[in-house]
$ cat entry23.cif   # mmCIF, C-alpha atoms
data_start
#
loop_
_atom_site.label_atom_id
_atom_site.label_comp_id
_atom_site.auth_asym_id
_atom_site.auth_seq_id
_atom_site.Cartn_x
_atom_site.Cartn_y
_atom_site.Cartn_z
CA MET A 78 0.00 0.00 0.00
CA ILE A 79 1.23 3.46 -0.84
CA ASP A 80 1.12 5.69 2.21
CA LYS A 81 3.14 8.90 2.16
CA ILE A 82 1.58 10.25 5.36
CA VAL A 83 4.28 10.38 8.05
CA LYS A 84 3.50 10.33 11.75
CA SER A 85 5.90 13.02 12.94
CA MET A 86 8.19 15.86 11.90
CA ALA A 87 11.11 13.62 12.83
CA ASP A 88 9.92 11.10 10.22
CA ALA A 89 9.38 13.90 7.70
CA PHE A 90 13.03 14.96 7.94
CA ALA A 91 14.65 11.58 8.51
CA GLY A 92 17.89 11.25 6.58
CA VAL A 93 18.19 14.91 5.54
CA LYS A 94 21.90 15.58 5.15
CA ASP A 95 24.09 18.57 5.88
CA GLY A 96 24.81 20.55 2.71
CA SER A 97 21.32 19.98 1.26
CA VAL A 98 19.70 22.34 -1.22
CA VAL A 99 16.28 23.13 0.28
CA LEU A 100 13.46 24.65 -1.83
CA VAL A 101 10.99 26.53 0.42
CA SER A 102 7.58 27.46 -1.00
CA GLY A 103 5.86 30.78 -0.35
CA PHE A 104 5.58 34.33 -1.63
CA GLY A 105 5.47 37.02 1.02
CA ASN A 106 3.60 35.35 3.86
CA ALA A 107 1.33 33.23 1.64
CA GLY A 108 2.30 29.57 1.33
CA ILE A 109 5.24 29.61 3.75
CA PRO A 110 5.42 26.15 5.37
CA VAL A 111 6.03 27.49 8.88
CA GLU A 112 5.74 24.15 10.71
CA LEU A 113 8.01 22.34 8.22
CA ILE A 114 10.66 25.04 8.59
CA ASP A 115 10.49 24.59 12.36
CA GLY A 116 10.78 20.83 11.80
CA LEU A 117 13.91 21.27 9.69
CA ILE A 118 15.44 23.51 12.36
CA GLU A 119 14.65 20.82 14.94
CA GLN A 120 16.24 18.15 12.73
CA GLY A 121 19.44 20.19 12.74
CA ALA A 122 20.88 19.90 9.20
CA ARG A 123 23.60 22.50 8.56
CA ASP A 124 25.46 24.13 5.69
CA LEU A 125 22.20 24.44 3.76
CA THR A 126 21.45 26.25 0.52
CA VAL A 127 17.93 27.67 0.76
CA VAL A 128 15.96 28.60 -2.37
CA SER A 129 12.96 30.81 -1.71
CA ASN A 130 11.40 33.92 -3.23
CA ASN A 131 11.81 36.07 -0.11
CA ALA A 132 13.97 35.88 3.00
CA GLY A 133 11.31 36.03 5.71
CA SER A 134 10.19 38.87 7.92
CA GLY A 135 10.40 39.25 11.66
CA ARG A 136 12.20 36.42 13.45
CA THR A 137 10.00 33.42 12.79
CA ASP A 138 9.91 30.73 10.06
CA LEU A 139 12.36 31.48 7.21
CA ALA A 140 13.99 34.32 9.18
CA ARG A 141 14.39 31.96 12.15
CA LEU A 142 16.08 29.37 9.91
CA LEU A 143 18.51 32.02 8.57
CA GLY A 144 19.16 33.17 12.14
CA THR A 145 20.35 29.69 13.20
CA GLY A 146 23.45 30.22 11.04
CA ARG A 147 22.85 26.86 9.35
CA VAL A 148 22.17 28.44 5.95
CA ARG A 149 25.33 29.03 3.96
CA LYS A 150 23.68 30.39 0.84
CA LEU A 151 20.35 31.90 -0.13
CA VAL A 152 19.05 31.77 -3.71
CA CYS A 153 16.33 34.34 -3.88
CA SER A 154 14.61 36.99 -6.01
CA TYR A 155 13.50 39.51 -3.40
CA PRO A 156 15.29 39.09 -0.06
CA ARG A 157 14.99 42.71 1.08
CA THR A 158 11.42 43.38 2.20
CA SER A 159 9.87 45.25 5.06
CA GLY A 160 10.82 43.36 8.20
CA SER A 161 13.60 41.26 6.63
CA VAL A 162 15.80 42.08 9.63
CA VAL A 163 17.47 38.69 10.07
CA PHE A 164 18.44 38.48 6.39
CA GLU A 165 19.92 41.99 6.54
CA GLU A 166 21.89 41.19 9.72
CA MET A 167 23.31 37.93 8.35
CA TYR A 168 24.05 39.43 4.91
CA SER A 169 25.79 42.55 6.18
CA ALA A 170 27.82 40.46 8.65
CA GLY A 171 29.08 38.39 5.69
CA LYS A 172 27.53 35.23 7.15
CA LEU A 173 25.21 34.53 4.23
CA GLU A 174 26.03 34.20 0.56
CA LEU A 175 23.31 35.54 -1.76
CA GLU A 176 22.55 34.49 -5.33
CA LEU A 177 20.02 36.98 -6.68
CA VAL A 178 17.85 35.51 -9.46
CA PRO A 179 14.98 37.17 -11.36
CA GLN A 180 11.75 35.65 -10.10
CA GLY A 181 10.67 34.01 -13.35
CA THR A 182 14.17 32.65 -13.95
CA LEU A 183 14.18 31.21 -10.42
CA SER A 184 10.90 29.43 -11.07
CA GLU A 185 11.86 28.29 -14.58
CA ARG A 186 15.25 26.95 -13.39
CA MET A 187 13.39 24.71 -10.94
CA ARG A 188 10.92 23.68 -13.64
CA ALA A 189 13.88 22.80 -15.89
CA ALA A 190 15.32 20.59 -13.15
CA ALA A 191 11.93 18.92 -12.73
CA ALA A 192 11.61 18.40 -16.48
CA GLY A 193 15.11 17.04 -17.08
CA ILE A 194 16.14 20.06 -19.13
CA GLY A 195 19.85 20.89 -19.04
CA GLY A 196 19.39 24.63 -19.37
CA PHE A 197 17.45 27.24 -21.28
CA TYR A 198 17.95 30.61 -22.95
CA THR A 199 15.88 33.54 -21.72
CA PRO A 200 15.91 37.24 -22.62
CA THR A 201 15.25 38.09 -18.96
CA ALA A 202 18.31 39.86 -17.49
CA ALA A 203 20.11 40.07 -20.86
CA GLY A 204 22.47 43.05 -20.82
CA THR A 205 22.13 43.53 -17.04
CA LYS A 206 24.34 42.98 -14.00
CA LEU A 207 22.53 39.73 -13.26
CA ALA A 208 23.76 38.23 -16.55
CA GLU A 209 27.42 39.04 -15.91
CA GLY A 210 29.62 35.99 -16.39
CA LYS A 211 26.82 33.99 -18.03
CA GLU A 212 26.88 32.57 -21.53
CA THR A 213 24.72 34.57 -23.93
CA ARG A 214 23.54 33.88 -27.44
CA GLU A 215 21.74 35.86 -30.10
CA ILE A 216 18.64 34.08 -31.38
CA ASP A 217 16.64 35.70 -34.19
CA GLY A 218 18.22 39.06 -33.45
CA ARG A 219 17.57 39.08 -29.70
CA GLU A 220 20.05 38.49 -26.88
CA TYR A 221 19.36 35.53 -24.57
CA VAL A 222 21.06 34.36 -21.36
CA LEU A 223 21.80 30.69 -20.65
CA GLU A 224 20.33 29.60 -17.32
CA LYS A 225 20.99 26.23 -15.72
CA PRO A 226 18.51 24.02 -13.86
CA LEU A 227 18.12 24.38 -10.10
CA LYS A 228 17.42 21.10 -8.37
CA GLY A 229 16.55 20.58 -4.72
CA ASP A 230 17.60 17.77 -2.44
CA LEU A 231 14.56 18.69 -0.38
CA ALA A 232 11.42 20.78 -0.92
CA LEU A 233 9.21 22.15 1.86
CA VAL A 234 5.72 22.83 0.54
CA LYS A 235 2.53 24.09 2.17
CA ALA A 236 -0.64 22.51 0.77
CA GLU A 237 -4.31 22.66 1.72
CA ARG A 238 -5.43 19.07 1.18
CA ALA A 239 -3.54 15.84 0.60
CA ASP A 240 -4.33 12.14 0.28
CA ARG A 241 -2.06 9.20 1.08
CA TRP A 242 -0.75 9.09 -2.48
CA GLY A 243 0.44 12.68 -2.08
CA ASN A 244 -2.09 14.30 -4.42
CA LEU A 245 -2.37 17.95 -3.43
CA THR A 246 -4.54 21.02 -3.64
CA TYR A 247 -3.55 24.47 -2.45
CA ARG A 248 -5.33 27.41 -0.88
CA LEU A 249 -5.78 30.58 -2.99
CA ALA A 250 -2.50 32.31 -3.90
CA ALA A 251 -0.62 30.22 -1.31
CA ARG A 252 -0.06 27.87 -4.27
CA ASN A 253 2.72 30.02 -5.79
CA PHE A 254 6.01 28.03 -5.90
CA GLY A 255 4.61 24.83 -4.32
CA PRO A 256 3.87 22.73 -7.44
CA THR A 257 7.19 23.57 -9.14
CA MET A 258 9.26 22.99 -6.00
CA ALA A 259 7.57 19.66 -5.24
CA ALA A 260 8.50 18.46 -8.72
CA ALA A 261 12.05 19.83 -8.61
CA ALA A 262 13.29 18.12 -5.44
CA ASP A 263 14.47 14.58 -4.69
CA ILE A 264 12.43 14.55 -1.49
CA ALA A 265 9.30 16.71 -1.43
CA VAL A 266 7.96 17.14 2.10
CA VAL A 267 4.47 18.59 2.29
CA GLN A 268 2.44 19.94 5.18
CA ALA A 269 -1.31 19.70 4.56
CA ARG A 270 -4.08 21.25 6.62
CA GLU A 271 -6.39 18.37 5.79
CA ILE A 272 -5.72 14.73 4.98
CA VAL A 273 -8.52 13.20 2.93
CA GLU A 274 -9.43 9.69 1.77
CA LEU A 275 -7.96 8.52 -1.51
CA GLY A 276 -10.41 9.58 -4.21
CA ALA A 277 -11.85 12.48 -2.21
CA ILE A 278 -10.02 15.00 -4.38
CA GLU A 279 -11.68 15.04 -7.80
CA PRO A 280 -9.01 13.73 -10.21
CA GLU A 281 -9.35 16.72 -12.52
CA LEU A 282 -8.90 19.10 -9.59
CA VAL A 283 -5.62 17.62 -8.34
CA VAL A 284 -3.04 20.40 -8.66
CA THR A 285 0.11 18.46 -7.77
CA PRO A 286 -0.09 14.77 -8.71
CA GLY A 287 1.22 12.50 -5.94
CA ILE A 288 4.13 11.30 -8.09
CA PHE A 289 5.98 14.49 -7.10
CA VAL A 290 5.38 14.11 -3.35
CA ASP A 291 7.34 11.92 -0.94
CA ARG A 292 6.25 12.72 2.60
CA VAL A 293 3.09 14.38 3.93
CA VAL A 294 2.68 15.75 7.45
CA HIS A 295 -0.76 16.63 8.78
CA VAL A 296 -0.69 20.18 10.20
CA PRO A 297 -4.36 20.92 10.97
CA ASN A 298 -3.95 24.51 12.19
CA PRO A 299 -1.04 25.97 10.24
CA LYS A 300 0.41 29.28 11.37
CA GLN A 301 0.43 32.07 8.83
CA ALA A 302 3.96 33.39 8.32
CA GLY A 303 4.32 36.93 9.62
CA ALA A 304 1.31 36.60 11.93
CA PRO A 305 2.00 37.87 15.45
CA MET B 66 6.05 73.60 -12.41
CA LYS B 67 4.67 70.65 -10.46
CA GLY B 68 2.30 69.32 -13.10
CA LEU B 69 0.04 66.37 -12.43
CA SER B 70 -0.58 64.74 -9.06
CA ARG B 71 0.32 61.06 -8.69
CA ASP B 72 -3.37 60.21 -9.01
CA ASP B 73 -3.58 62.16 -12.25
CA ILE B 74 -0.51 60.42 -13.72
CA ALA B 75 -2.28 57.13 -12.96
CA ARG B 76 -5.58 58.45 -14.35
CA ARG B 77 -3.87 59.45 -17.62
CA ALA B 78 -2.20 56.02 -17.95
CA ALA B 79 -5.51 54.28 -17.20
CA ALA B 80 -7.19 56.18 -20.05
CA ASP B 81 -4.97 54.24 -22.51
CA LEU B 82 -6.10 50.80 -21.28
CA TRP B 83 -8.40 49.15 -23.79
CA ASP B 84 -11.35 46.85 -23.24
CA GLY B 85 -10.04 43.31 -22.76
CA ALA B 86 -6.43 44.28 -21.99
CA VAL B 87 -4.40 41.96 -19.73
CA VAL B 88 -2.29 44.24 -17.59
CA ASN B 89 0.36 43.79 -14.91
CA LEU B 90 0.73 46.71 -12.52
CA GLY B 91 4.18 47.17 -10.97
CA ILE B 92 4.61 48.22 -7.37
CA GLY B 93 4.37 51.90 -6.37
CA LEU B 94 2.74 54.49 -8.65
CA PRO B 95 1.36 51.95 -11.18
CA THR B 96 -0.83 50.27 -8.53
CA LEU B 97 -2.95 53.47 -8.53
CA VAL B 98 -3.96 52.87 -12.16
CA ALA B 99 -6.56 50.27 -11.13
CA ASN B 100 -8.56 53.05 -9.43
CA PHE B 101 -9.07 55.04 -12.64
CA VAL B 102 -10.06 52.74 -15.49
CA PRO B 103 -12.80 54.45 -17.54
CA ALA B 104 -16.26 52.91 -17.08
CA GLY B 105 -17.33 50.23 -19.52
CA ARG B 106 -13.88 48.69 -20.08
CA GLU B 107 -13.11 45.23 -18.74
CA ILE B 108 -9.43 44.99 -17.78
CA VAL B 109 -7.85 41.75 -16.52
CA TYR B 110 -5.14 42.46 -13.94
CA HIS B 111 -2.35 39.93 -13.55
CA SER B 112 -0.36 39.52 -10.35
CA GLU B 113 3.00 37.76 -10.65
CA ASN B 114 2.32 35.46 -7.68
CA GLY B 115 -0.29 33.58 -9.69
CA VAL B 116 -3.52 35.54 -10.07
CA LEU B 117 -5.44 36.73 -13.13
CA GLY B 118 -8.50 38.87 -12.44
CA VAL B 119 -7.33 40.85 -9.41
CA GLY B 120 -10.21 42.84 -7.91
CA PRO B 121 -10.31 45.86 -5.61
CA THR B 122 -8.65 46.07 -2.21
CA PRO B 123 -10.86 44.33 0.39
CA ALA B 124 -12.63 46.32 3.09
CA GLU B 125 -10.65 46.75 6.32
CA GLY B 126 -10.59 43.42 8.18
CA LYS B 127 -12.12 41.47 5.26
CA GLY B 128 -9.00 40.28 3.41
CA ASP B 129 -7.56 36.76 3.30
CA PRO B 130 -3.82 36.48 4.06
CA ASP B 131 -3.45 33.88 1.29
CA LEU B 132 -4.79 36.32 -1.29
CA ILE B 133 -2.17 38.98 -1.94
CA ASN B 134 -0.55 40.82 -4.85
CA ALA B 135 3.08 41.36 -5.85
CA SER B 136 3.38 44.13 -3.25
CA LYS B 137 2.14 41.61 -0.63
CA ALA B 138 -1.00 43.73 -0.16
CA LEU B 139 -4.40 42.05 0.34
CA ILE B 140 -6.56 41.74 -2.79
CA THR B 141 -9.91 40.32 -3.87
CA LEU B 142 -10.79 38.27 -6.95
CA MET B 143 -13.10 39.32 -9.78
CA PRO B 144 -15.69 36.87 -11.11
CA GLY B 145 -13.78 34.94 -13.78
CA ALA B 146 -10.49 35.11 -11.87
CA SER B 147 -8.02 32.24 -11.96
CA ILE B 148 -5.18 31.10 -9.73
CA PHE B 149 -2.14 29.22 -10.99
CA HIS B 150 1.37 28.37 -9.89
CA HIS B 151 4.45 30.53 -10.26
CA THR B 152 5.92 28.86 -13.31
CA ASP B 153 2.69 29.38 -15.26
CA SER B 154 2.47 32.94 -13.99
CA PHE B 155 5.94 33.73 -15.29
CA LEU B 156 5.27 31.83 -18.49
CA MET B 157 2.52 34.41 -19.03
CA ILE B 158 4.96 37.23 -18.30
CA ARG B 159 7.99 35.89 -20.15
CA GLY B 160 6.13 34.43 -23.11
CA GLY B 161 4.46 37.67 -24.18
CA HIS B 162 0.98 36.75 -22.92
CA ILE B 163 0.64 39.96 -20.87
CA ASP B 164 -0.47 42.83 -23.09
CA LEU B 165 0.99 45.60 -21.01
CA ALA B 166 3.24 46.00 -17.98
CA LEU B 167 2.85 49.38 -16.30
CA LEU B 168 6.02 49.79 -14.27
CA GLY B 169 7.63 52.34 -12.02
CA GLY B 170 10.96 53.77 -13.11
CA MET B 171 14.09 55.24 -11.60
CA GLN B 172 15.54 56.11 -15.02
CA VAL B 173 14.54 55.62 -18.66
CA SER B 174 16.99 56.24 -21.51
CA PHE B 175 16.14 57.83 -24.85
CA GLU B 176 16.31 54.34 -26.38
CA GLY B 177 13.88 52.90 -23.87
CA ASP B 178 16.37 51.26 -21.50
CA LEU B 179 14.73 50.91 -18.08
CA ALA B 180 16.39 51.12 -14.66
CA ASN B 181 14.02 50.31 -11.82
CA TRP B 182 15.53 47.64 -9.58
CA SER B 183 18.72 48.93 -7.99
CA THR B 184 20.56 52.15 -7.19
CA GLY B 185 23.82 50.22 -7.45
CA ASP B 186 24.54 50.99 -3.78
CA GLU B 187 26.75 48.07 -2.74
CA LYS B 188 25.91 48.57 0.93
CA MET B 189 22.26 47.73 0.29
CA PRO B 190 21.47 44.05 -0.24
CA PRO B 191 19.96 43.76 -3.73
CA ALA B 192 16.43 42.61 -4.64
CA VAL B 193 15.00 42.17 -8.14
CA GLY B 194 11.74 40.19 -7.88
CA GLY B 195 9.87 40.05 -11.18
CA ALA B 196 11.15 43.38 -12.53
CA MET B 197 13.47 41.93 -15.19
CA ASP B 198 10.95 39.28 -16.27
CA LEU B 199 8.22 41.90 -16.76
CA ALA B 200 10.49 44.38 -18.55
CA ALA B 201 11.85 41.75 -20.95
CA GLY B 202 8.71 39.68 -21.41
CA ALA B 203 5.54 41.78 -21.49
CA ARG B 204 4.28 42.66 -24.96
CA GLY B 205 4.30 46.36 -24.06
CA VAL B 206 6.15 48.21 -21.30
CA HIS B 207 4.99 51.64 -20.20
CA VAL B 208 6.56 53.52 -17.31
CA LEU B 209 4.88 55.82 -14.79
CA MET B 210 7.20 58.07 -12.80
CA GLU B 211 7.87 61.60 -11.61
CA HIS B 212 9.69 63.54 -14.33
CA THR B 213 12.65 64.35 -12.08
CA THR B 214 14.12 63.10 -8.79
CA LYS B 215 13.34 64.94 -5.55
CA ASP B 216 16.44 67.11 -6.07
CA GLY B 217 15.39 67.96 -9.64
CA SER B 218 17.70 65.66 -11.62
CA PRO B 219 16.19 64.29 -14.84
CA LYS B 220 14.99 60.68 -14.77
CA ILE B 221 14.73 60.57 -18.56
CA VAL B 222 18.36 60.41 -19.64
CA GLU B 223 20.78 59.72 -22.50
CA ARG B 224 22.15 56.67 -20.70
CA CYS B 225 20.98 55.13 -17.43
CA THR B 226 23.51 55.56 -14.62
CA TYR B 227 21.68 53.06 -12.42
CA PRO B 228 21.99 49.35 -13.24
CA ILE B 229 19.46 48.59 -15.98
CA THR B 230 16.51 46.22 -15.75
CA ALA B 231 16.20 45.66 -19.51
CA LYS B 232 17.42 47.29 -22.72
CA LYS B 233 15.19 49.07 -25.25
CA VAL B 234 11.84 47.97 -23.84
CA VAL B 235 9.96 51.12 -22.78
CA LYS B 236 7.54 52.42 -25.39
CA ARG B 237 5.73 55.17 -23.47
CA ILE B 238 6.46 57.28 -20.37
CA TYR B 239 3.80 59.00 -18.27
CA THR B 240 5.18 61.66 -15.92
CA ASN B 241 3.76 64.56 -13.93
CA LEU B 242 4.81 66.83 -16.82
CA ALA B 243 4.18 64.94 -20.05
CA VAL B 244 3.32 61.82 -22.01
CA ILE B 245 6.41 60.85 -24.00
CA ASP B 246 6.80 58.09 -26.58
CA VAL B 247 10.06 56.27 -27.23
CA THR B 248 10.28 55.99 -31.01
CA PRO B 249 12.97 54.75 -33.42
CA SER B 250 13.80 58.40 -34.12
CA GLY B 251 13.99 59.39 -30.45
CA LEU B 252 11.76 60.74 -27.68
CA VAL B 253 8.56 62.45 -28.75
CA ALA B 254 6.43 64.51 -26.34
CA ARG B 255 2.79 63.79 -27.27
CA GLU B 256 1.04 65.59 -24.43
CA LEU B 257 2.07 68.27 -21.94
CA ALA B 258 0.59 68.78 -18.48
CA PRO B 259 -1.42 71.99 -18.02
CA GLY B 260 0.94 74.94 -17.45
CA VAL B 261 4.00 73.13 -18.86
CA ASP B 262 5.64 74.54 -21.98
CA PHE B 263 8.04 72.62 -24.19
CA PRO B 264 11.27 74.52 -23.35
CA ASP B 265 10.53 73.93 -19.64
CA LEU B 266 9.96 70.25 -20.30
CA GLN B 267 13.19 69.96 -22.31
CA SER B 268 15.16 71.68 -19.54
CA LYS B 269 14.00 69.03 -17.06
CA THR B 270 14.81 66.14 -19.39
CA GLY B 271 18.29 64.64 -19.76
CA ALA B 272 17.88 63.64 -23.41
CA LYS B 273 16.70 65.44 -26.53
CA LEU B 274 12.92 65.63 -26.98
CA ASP B 275 10.87 66.37 -30.07
CA LEU B 276 7.43 67.89 -29.73
CA ALA B 277 4.79 66.08 -31.76
CA ASN B 278 3.15 68.26 -34.40
CA ASP B 279 -0.24 67.23 -33.09
CA TRP B 280 0.70 67.55 -29.39
CA ARG B 281 -2.07 68.45 -26.96
CA PRO B 282 -2.51 69.23 -23.29
CA ILE B 283 -2.96 66.19 -21.02
CA SER B 284 -6.61 65.86 -20.22
CA VAL B 285 -7.44 64.11 -16.93
#
$ encode --input "entry23.cif" --output "structure tokens"
Amino acid sequence: MIDKIVKSMADAFAGVKDGSVVLVSGFGNAGIPVELIDGLIEQGARDLTVVSNNAGSGRTDLARLLGTGRVRKLVCSYPRTSGSVVFEEMYSAGKLELELVPQGTLSERMRAAAAGIGGFYTPTAAGTKLAEGKETREIDGREYVLEKPLKGDLALVKAERADRWGNLTYRLAARNFGPTMAAAADIAVVQAREIVELGAIEPELVVTPGIFVDRVVHVPNPKQAGAP
Amino acid sequence: MKGLSRDDIARRAAADLWDGAVVNLGIGLPTLVANFVPAGREIVYHSENGVLGVGPTPAEGKGDPDLINASKALITLMPGASIFHHTDSFLMIRGGHIDLALLGGMQVSFEGDLANWSTGDEKMPPAVGGAMDLAAGARGVHVLMEHTTKDGSPKIVERCTYPITAKKVVKRIYTNLAVIDVTPSGLVARELAPGVDFPDLQSKTGAKLDLANDWRPISV
């Protein structure tokens, strides 16, 4: 029997190694898997590369993870937001390496990893500072930048509903990076507010097919990132 | 010579939106445009975090924290709205499916280069978000900005001194003083704000302007 539901956070993060690349879903405070981030902190892996659109605000969730000093590198499109105090402290102290990536390129690099694509050319960032040192190519008279896939060892994804096969739905715009990150990581760990019987999610309404999901933790009352 | 208010810059830009247009509004001044679309036109607003059909700001206390826009502000959904994941959202942006991106600007060059993501200050940690994707990918890019900086320096320039977001993408600029098109033969002032004359406008612009033969006052 296929059963991806795990009993505890410890089970969800079993075997996660130091040096992992961790994809963390969310945009602003929507879709941040707060409880999974706390679970990863509890598990204790170090020397992590974290890939996420923002860098957290206040001192909880993503900001708390950065504050532990266990993140060596952040791959991010918009780390500097109102309240991103921990990121700013760690960055200005030279304790955090930053790779700044345009948001669509960030997402497409993960999709490429999920799809087995070795790289792609995009006009985004052509001729800018963020293309410095990258291979470029003129295609039909326009300049394109070569971008490489971005694969995760681990993805942390916040979903709304899940079944034991790992089929997922999401809540409103908390979907954001979740589906792409689940597909782009070796181990996709999902927190779901509701666990439902197999078949309870209409097949044509499944957003992330279970094939992309490895472990599901039931978190019935998830905290909203940024909430006091 | 103050020219238009921020609301009036947005109102003038909104007047150009056509029925059925799919539009992405950048953070800052462009977000005001949604307040001024002329009656009878159906505009579909796109938000980079995966929403088409963004509706008005919810009443105080009524919003849902999982329903936000690119500025992380609470939004509502219009009937007919759709929600999708980030890769699809940026496929729309990067693949030319968005008719128009209305963006804020720090500088625009006479060739339509846009600088709107960084001052180049190395002490500040950088952030880019979707700025480069929108500038390079939307079918049309129009910029809304004050004509000069707070200390009076031109923001329309020969060559951007700030790091650029994309090259040769801006087609139209709405400022507090004028509506200016970026054309193959250079910058053309199409409309001037009430009380602004062309020599004044040129003196506050860092690149050569032509005045359109059929120029008219901005009507808002």
$ interface_residues --input "entry23.cif" --of "chain B" --to "chain A" --cutoff "6 Å" --atoms "all atoms listed in the file" --output "ChimeraX atom specification"
/B:114,131-132,137,150-152,155,192-195,197-198,201,229
$ resolve_selection --input "entry23.cif" --expression "the PyMOL selection byres ((chain B and resi 80) around 8)" --output "PDB file with C-alpha atoms, keeping the file's coordinate frame"
ATOM      1  CA  ARG B  76      -5.580  58.450 -14.350  1.00  0.00           C
ATOM      2  CA  ARG B  77      -3.870  59.450 -17.620  1.00  0.00           C
ATOM      3  CA  ALA B  78      -2.200  56.020 -17.950  1.00  0.00           C
ATOM      4  CA  ALA B  79      -5.510  54.280 -17.200  1.00  0.00           C
ATOM      5  CA  ASP B  81      -4.970  54.240 -22.510  1.00  0.00           C
ATOM      6  CA  LEU B  82      -6.100  50.800 -21.280  1.00  0.00           C
ATOM      7  CA  PHE B 101      -9.070  55.040 -12.640  1.00  0.00           C
ATOM      8  CA  VAL B 102     -10.060  52.740 -15.490  1.00  0.00           C
ATOM      9  CA  PRO B 103     -12.800  54.450 -17.540  1.00  0.00           C
TER      10      PRO B 103
END
$ resolve_selection --input "entry23.cif" --expression "the PyMOL selection byres ((chain B and resi 211) around 12)" --output "number ranges by chain"
B: 67-75, 93-95, 169-173, 208-210, 212-221, 238-244, 269-270
$ residues_around --input "entry23.cif" --residues "A:Thr213" --least-positions-apart "2" --cutoff "8 Å" --atoms "all atoms listed in the file" --output "list of chain:residue names"
A:Tyr198, A:Ala203, A:Lys211, A:Glu215, A:Glu220, A:Tyr221, A:Val222, A:Leu223
$ residues_near_point --input "entry23.cif" --point "(-1.3, 19.8, -4.5)" --cutoff "7 Å" --atoms "all atoms listed in the file" --output "PDB file with C-alpha atoms, in the frame of the given file"
ATOM      1  CA  ALA A 236      -0.640  22.510   0.770  1.00  0.00           C
ATOM      2  CA  ALA A 239      -3.540  15.840   0.600  1.00  0.00           C
ATOM      3  CA  ASN A 244      -2.090  14.300  -4.420  1.00  0.00           C
ATOM      4  CA  LEU A 245      -2.370  17.950  -3.430  1.00  0.00           C
ATOM      5  CA  THR A 246      -4.540  21.020  -3.640  1.00  0.00           C
ATOM      6  CA  TYR A 247      -3.550  24.470  -2.450  1.00  0.00           C
ATOM      7  CA  PRO A 256       3.870  22.730  -7.440  1.00  0.00           C
ATOM      8  CA  VAL A 283      -5.620  17.620  -8.340  1.00  0.00           C
ATOM      9  CA  VAL A 284      -3.040  20.400  -8.660  1.00  0.00           C
ATOM     10  CA  THR A 285       0.110  18.460  -7.770  1.00  0.00           C
ATOM     11  CA  PRO A 286      -0.090  14.770  -8.710  1.00  0.00           C
TER      12      PRO A 286
END
$ residues_around --input "entry23.cif" --residues "stretch 78-81 of chain A" --least-positions-apart "2" --cutoff "12 Å" --atoms "all atoms listed in the file" --output "JSON list (two decimals) with C-alpha atoms, in the coordinates of the input"
[["chain", "number", "residue", "atom", "x", "y", "z"],
["A", 83, "VAL", "CA", 4.28, 10.38, 8.05],
["A", 84, "LYS", "CA", 3.50, 10.33, 11.75],
["A", 85, "SER", "CA", 5.90, 13.02, 12.94],
["A", 88, "ASP", "CA", 9.92, 11.10, 10.22],
["A", 89, "ALA", "CA", 9.38, 13.90, 7.70],
["A", 239, "ALA", "CA", -3.54, 15.84, 0.60],
["A", 240, "ASP", "CA", -4.33, 12.14, 0.28],
["A", 241, "ARG", "CA", -2.06, 9.20, 1.08],
["A", 242, "TRP", "CA", -0.75, 9.09, -2.48],
["A", 243, "GLY", "CA", 0.44, 12.68, -2.08],
["A", 244, "ASN", "CA", -2.09, 14.30, -4.42],
["A", 245, "LEU", "CA", -2.37, 17.95, -3.43],
["A", 264, "ILE", "CA", 12.43, 14.55, -1.49],
["A", 265, "ALA", "CA", 9.30, 16.71, -1.43],
["A", 266, "VAL", "CA", 7.96, 17.14, 2.10],
["A", 267, "VAL", "CA", 4.47, 18.59, 2.29],
["A", 268, "GLN", "CA", 2.44, 19.94, 5.18],
["A", 269, "ALA", "CA", -1.31, 19.70, 4.56],
["A", 272, "ILE", "CA", -5.72, 14.73, 4.98],
["A", 274, "GLU", "CA", -9.43, 9.69, 1.77],
["A", 275, "LEU", "CA", -7.96, 8.52, -1.51],
["A", 287, "GLY", "CA", 1.22, 12.50, -5.94],
["A", 288, "ILE", "CA", 4.13, 11.30, -8.09],
["A", 289, "PHE", "CA", 5.98, 14.49, -7.10],
["A", 290, "VAL", "CA", 5.38, 14.11, -3.35],
["A", 291, "ASP", "CA", 7.34, 11.92, -0.94],
["A", 292, "ARG", "CA", 6.25, 12.72, 2.60],
["A", 293, "VAL", "CA", 3.09, 14.38, 3.93],
["A", 294, "VAL", "CA", 2.68, 15.75, 7.45],
["A", 295, "HIS", "CA", -0.76, 16.63, 8.78]]
$ residues_around --input "entry23.cif" --residues "B:Val116" --least-positions-apart "5" --cutoff "6 Å" --atoms "all atoms listed in the file" --output "NGL selection string"
:B and (111 or 147-148)
$ closest_residue --input "entry23.cif" --among "B:Val222, B:Ala124, B:Ala258, B:Leu165" --to "B:Ala200" --atoms "all atoms listed in the file"
B:Leu165
$ atom_distance --input "entry23.cif" --atom1 "atom CA of A:Ala260" --atom2 "atom CA of A:Ala140"
24.5 Å
$ atom_distance --input "entry23.cif" --atom1 "atom CA of A:Ser102" --atom2 "atom CA of B:Arg159"
20.9 Å
$ residues_around --input "entry23.cif" --residues "stretch 117-127 of chain A" --least-positions-apart "6" --cutoff "8 Å" --atoms "all atoms listed in the file" --output "ChimeraX atom specification"
/A:87,90-91,93-101,142,145,147-152
$ resolve_selection --input "entry23.cif" --expression "the PyMOL selection byres ((chain B and resi 277) around 10)" --output "JSON, numbers by chain"
{"B": [245, 246, 252, 253, 254, 255, 256, 274, 275, 276, 278, 279, 280, 281]}
$ atom_distance --input "entry23.cif" --atom1 "atom CA of B:Val109" --atom2 "atom CA of B:Val87"
4.7 Å
